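Step one of this worksheet: look at the structure below.
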2 protein chains.
Amino acid sequence: MQSFTYYTPTKVVFGRGVEAQAGALAKEFGAHKVLVHFGGKSARASGLLDRVAASLKEAGLGVVELGGVVPNPRLSLVRQGIELCKKEGVDFLLAVGGGSVIDSTKAIGYGLANEGDVWDFYDHLRDPAACMPIGCVLTIAAAGSEMSDSSVITNEEGWLKRGCNSNTCRPRFAVMDPELTATLPAYQTACGCTDIMMHTMERYLGRGGSMTLTDRFAVQLVRTVMDCALILKDDPQNYDARAEVMWASSLSHNGLTGCGGSGDWASHQLEHELGGMFDVAHGAGLAAVWGSWARYVLDAGPARFASLLGGLFTLPKEGDDTARALAGIEQMEAFFRSIGMPASLHELGVAPTEEQMREMAEKSCWNGRRLIGGMKRLNAQDALAIYRMAL
Amino acid sequence: MQSFTYYTPTKVVFGRGVEAQAGALAKEFGAHKVLVHFGGKSARASGLLDRVAASLKEAGLGVVELGGVVPNPRLSLVRQGIELCKKEGVDFLLAVGGGSVIDSTKAIGYGLANEGDVWDFYDHLRDPAACMPIGCVLTIAAAGSEMSDSSVITNEEGWLKRGCNSNTCRPRFAVMDPELTATLPAYQTACGCTDIMMHTMERYLGRGGSMTLTDRFAVQLVRTVMDCALILKDDPQNYDARAEVMWASSLSHNGLTGCGGSGDWASHQLEHELGGMFDVAHGAGLAAVWGSWARYVLDAGPARFASLLGGLFTLPKEGDDTARALAGIEQMEAFFRSIGMPASLHELGVAPTEEQMREMAEKSCWNGRRLIGGMKRLNAQDALAIYRMAL
């Protein structure tokens, strides 16, 4: 068991219609003039933006809007947001969207609360000392950014997708209305469920000890998301299943399922390069590489794989942990396919050349500046081998 | 499923030796002059108070000490603490102890941050608008007060034991070193485990819907605490088991195991009156009344009882939910006895007269001002019936 810090200050208000409380909550956390940051047209078309703006105005707050966030959110829009907020005297940032919008909002928050170039924090040249206060109106259950300390931004110069983790960016509040996710396309719902599962599986599949309570929570969280992903495939409007998935999205990435353990995160790093180069959906990219990563590192911790997968699937009773885990990895890939997720790059619709794979592998390890993964420490050669296996 | 608010701002620093970080954390949260509030001699004798004071002084903070908190903490000491802090210009409160010390600290915090008599908040005449910032060095895993919004104080005038809940009193930080609990007597360890179990069971055994994810977490939390209570009976120094129990104490009462449900809490109310009148250990008092309460209200939700108890015990396959739940209630009582807890008032060592039971029953329902319980709404007649069953 490892020592840990657990810090989840975000006030979550969860249920039908809670977006109407956004204004009162922003005011409670000190807002005067609010940037409403969002993605595409759906937030406008559904009337959500109007409802949120009305709630902010009712609380007596000024409102500035900036849309246009895309999946794998871009540094150029972040820079634009920073300039806009400075010009308008914004003192609170409200993300209306999913992980991409929240991550973009966090980056704007870093840019406003610190001197110098915001990309420095994502290029790991220095750590942010502060972040402007943030609230979220969550519309996609996936990234967990509404409670997490993480933010991932893509720099169009070189298509570098990089993450920055800091407790300073944890949102002050998140309003979470499961009904807002009911109209998500099936593919996006499945991507979200995969991402949620992976946030806990990445934490579980590390070395260096664990806690029984955390392990048990982890298995139950992944199990519940899998159950609900299957329900939502046939019944996308199911409120209860949407709610389970939405709450799981937050708990899977706020730290709870990692307390006492160390985690892995190589699959995320491998996917980040895929996302940066091919702009694939994050959850689908994770599903496409996970099985290959798992087989590549399995010998470092067969018991750990077998215990997680044994909590999710019926594994063969005969055989050692490695054999049982391999059967479980196959079942996980079959599950991914059953909800419309890929289990290879081919199924993801991506066919990188050898040269592209080499480039992604080098980038994932910051051109030799770091190793990735916790279950097994991986260098660029390992990353390349996994990309090849995943083809 | 019910809508909910989840708010757990407490920064938890967990592991061996983390009490050395108390000073830096207090400073991080704005302290200049700190009241160190504690209980009896053990905190002094173990050297813990000296280590904490050294950490505060190293961080450049002023220190004022106030000991003497007893189980079922008293209003008179709270009043004394408020006066002392005013006189000394204290701006941060540090509880070094378990639930009683933290609850007493919260009451001092209310008294300092609000005008008028602090008892008003416990007598539910008005709500506290604020609380002075609090940190905790936890030494007993039980009450969960280190992350919760609750505080329970006993007023010696009439021996009224009353609770006050407010988000304003949630501690800013909690340092949690499982080793500090390793020297607790076996009885106190078992009382703590019972209290932790009950905080989740009270949340689970309500009506009005629930969430699958929450239910599954709840079962795993109670199961883990039961496993560890049995380990600690034979091996009280077991670090891992102490750690599981300590972390469970926080998660069981910070709101996590109640998200989406409504809860019951009648057992706690019935115990509060026992504690107020006979000064029994809280966990033991809960164990003494729980089985009687459960049988009394079982017909309001046999399926709910059966699902919780079925996750903890092997219940008979035959029979309806009521029969299966009754078997589970018996097994829970047997478990309590197996860790040295009582399953009746007699086993608790308390023999209230009929008049005393009437008085407790009336007090538990605030002399007709409220009903208690969620599974079944109970009045003073019901409470009296349960006390009689529990004899």
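Ordering of the structure tokens sets the chain letters (A, B, ...); residue numbers start at 1 within each chain; ligands are numbered from 1 in the order shown.
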Hey, list the chain B side of the contact with chain A: 7 Å cut-off, only C-alpha atoms, answer as a VMD selection string.
chain B and resid 3 to 15 211 213 216 to 217 220 to 221 224 244
State, in Å with one decimal place, the distance from atom CA of B:Asp117 to atom CA of B:Glu157.
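That distance, rounded to one decimal, is 14.4 Å.
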Can you pull out the residues contacting A:Leu125? Cut-off 12 Å, using only C-alpha atoms, and skip same-chain residues under 6 positions away; I want them as a list in words.
Gly116, Asp117, Val118, Trp119 and Cys164 of chain A
Could those residues be written to a file, using N, CA, C and O atoms, as an mmCIF file, in the first residue's frame?
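Now in result-v3.cif:
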```cif
data_model
loop_
_atom_site.group_PDB
_atom_site.id
_atom_site.type_symbol
_atom_site.label_atom_id
_atom_site.label_comp_id
_atom_site.auth_asym_id
_atom_site.auth_seq_id
_atom_site.Cartn_x
_atom_site.Cartn_y
_atom_site.Cartn_z
ATOM 1 N N GLY A 116 3.533 34.433 -18.578
ATOM 2 C CA GLY A 116 4.276 33.638 -19.568
ATOM 3 C C GLY A 116 3.382 32.785 -20.449
ATOM 4 O O GLY A 116 2.154 32.869 -20.399
ATOM 5 N N ASP A 117 4.004 31.898 -21.229
ATOM 6 C CA ASP A 117 3.282 31.110 -22.225
ATOM 7 C C ASP A 117 2.605 29.903 -21.576
ATOM 8 O O ASP A 117 3.248 29.097 -20.898
ATOM 9 N N VAL A 118 1.312 29.752 -21.815
ATOM 10 C CA VAL A 118 0.547 28.665 -21.195
ATOM 11 C C VAL A 118 1.045 27.289 -21.646
ATOM 12 O O VAL A 118 0.914 26.305 -20.909
ATOM 13 N N TRP A 119 1.598 27.177 -22.844
ATOM 14 C CA TRP A 119 2.067 25.867 -23.326
ATOM 15 C C TRP A 119 3.196 25.306 -22.464
ATOM 16 O O TRP A 119 3.382 24.092 -22.392
ATOM 17 N N CYS A 164 -1.407 18.244 -18.569
ATOM 18 C CA CYS A 164 -0.862 18.953 -17.418
ATOM 19 C C CYS A 164 -1.726 18.616 -16.213
ATOM 20 O O CYS A 164 -2.952 18.699 -16.295
#
```
Rank nothing, just name the residue among A:Asn155, A:Gln237, A:Thr139, A:Ser166 nearest to A:Tyr110, using only C-alpha atoms.
A:Ser166
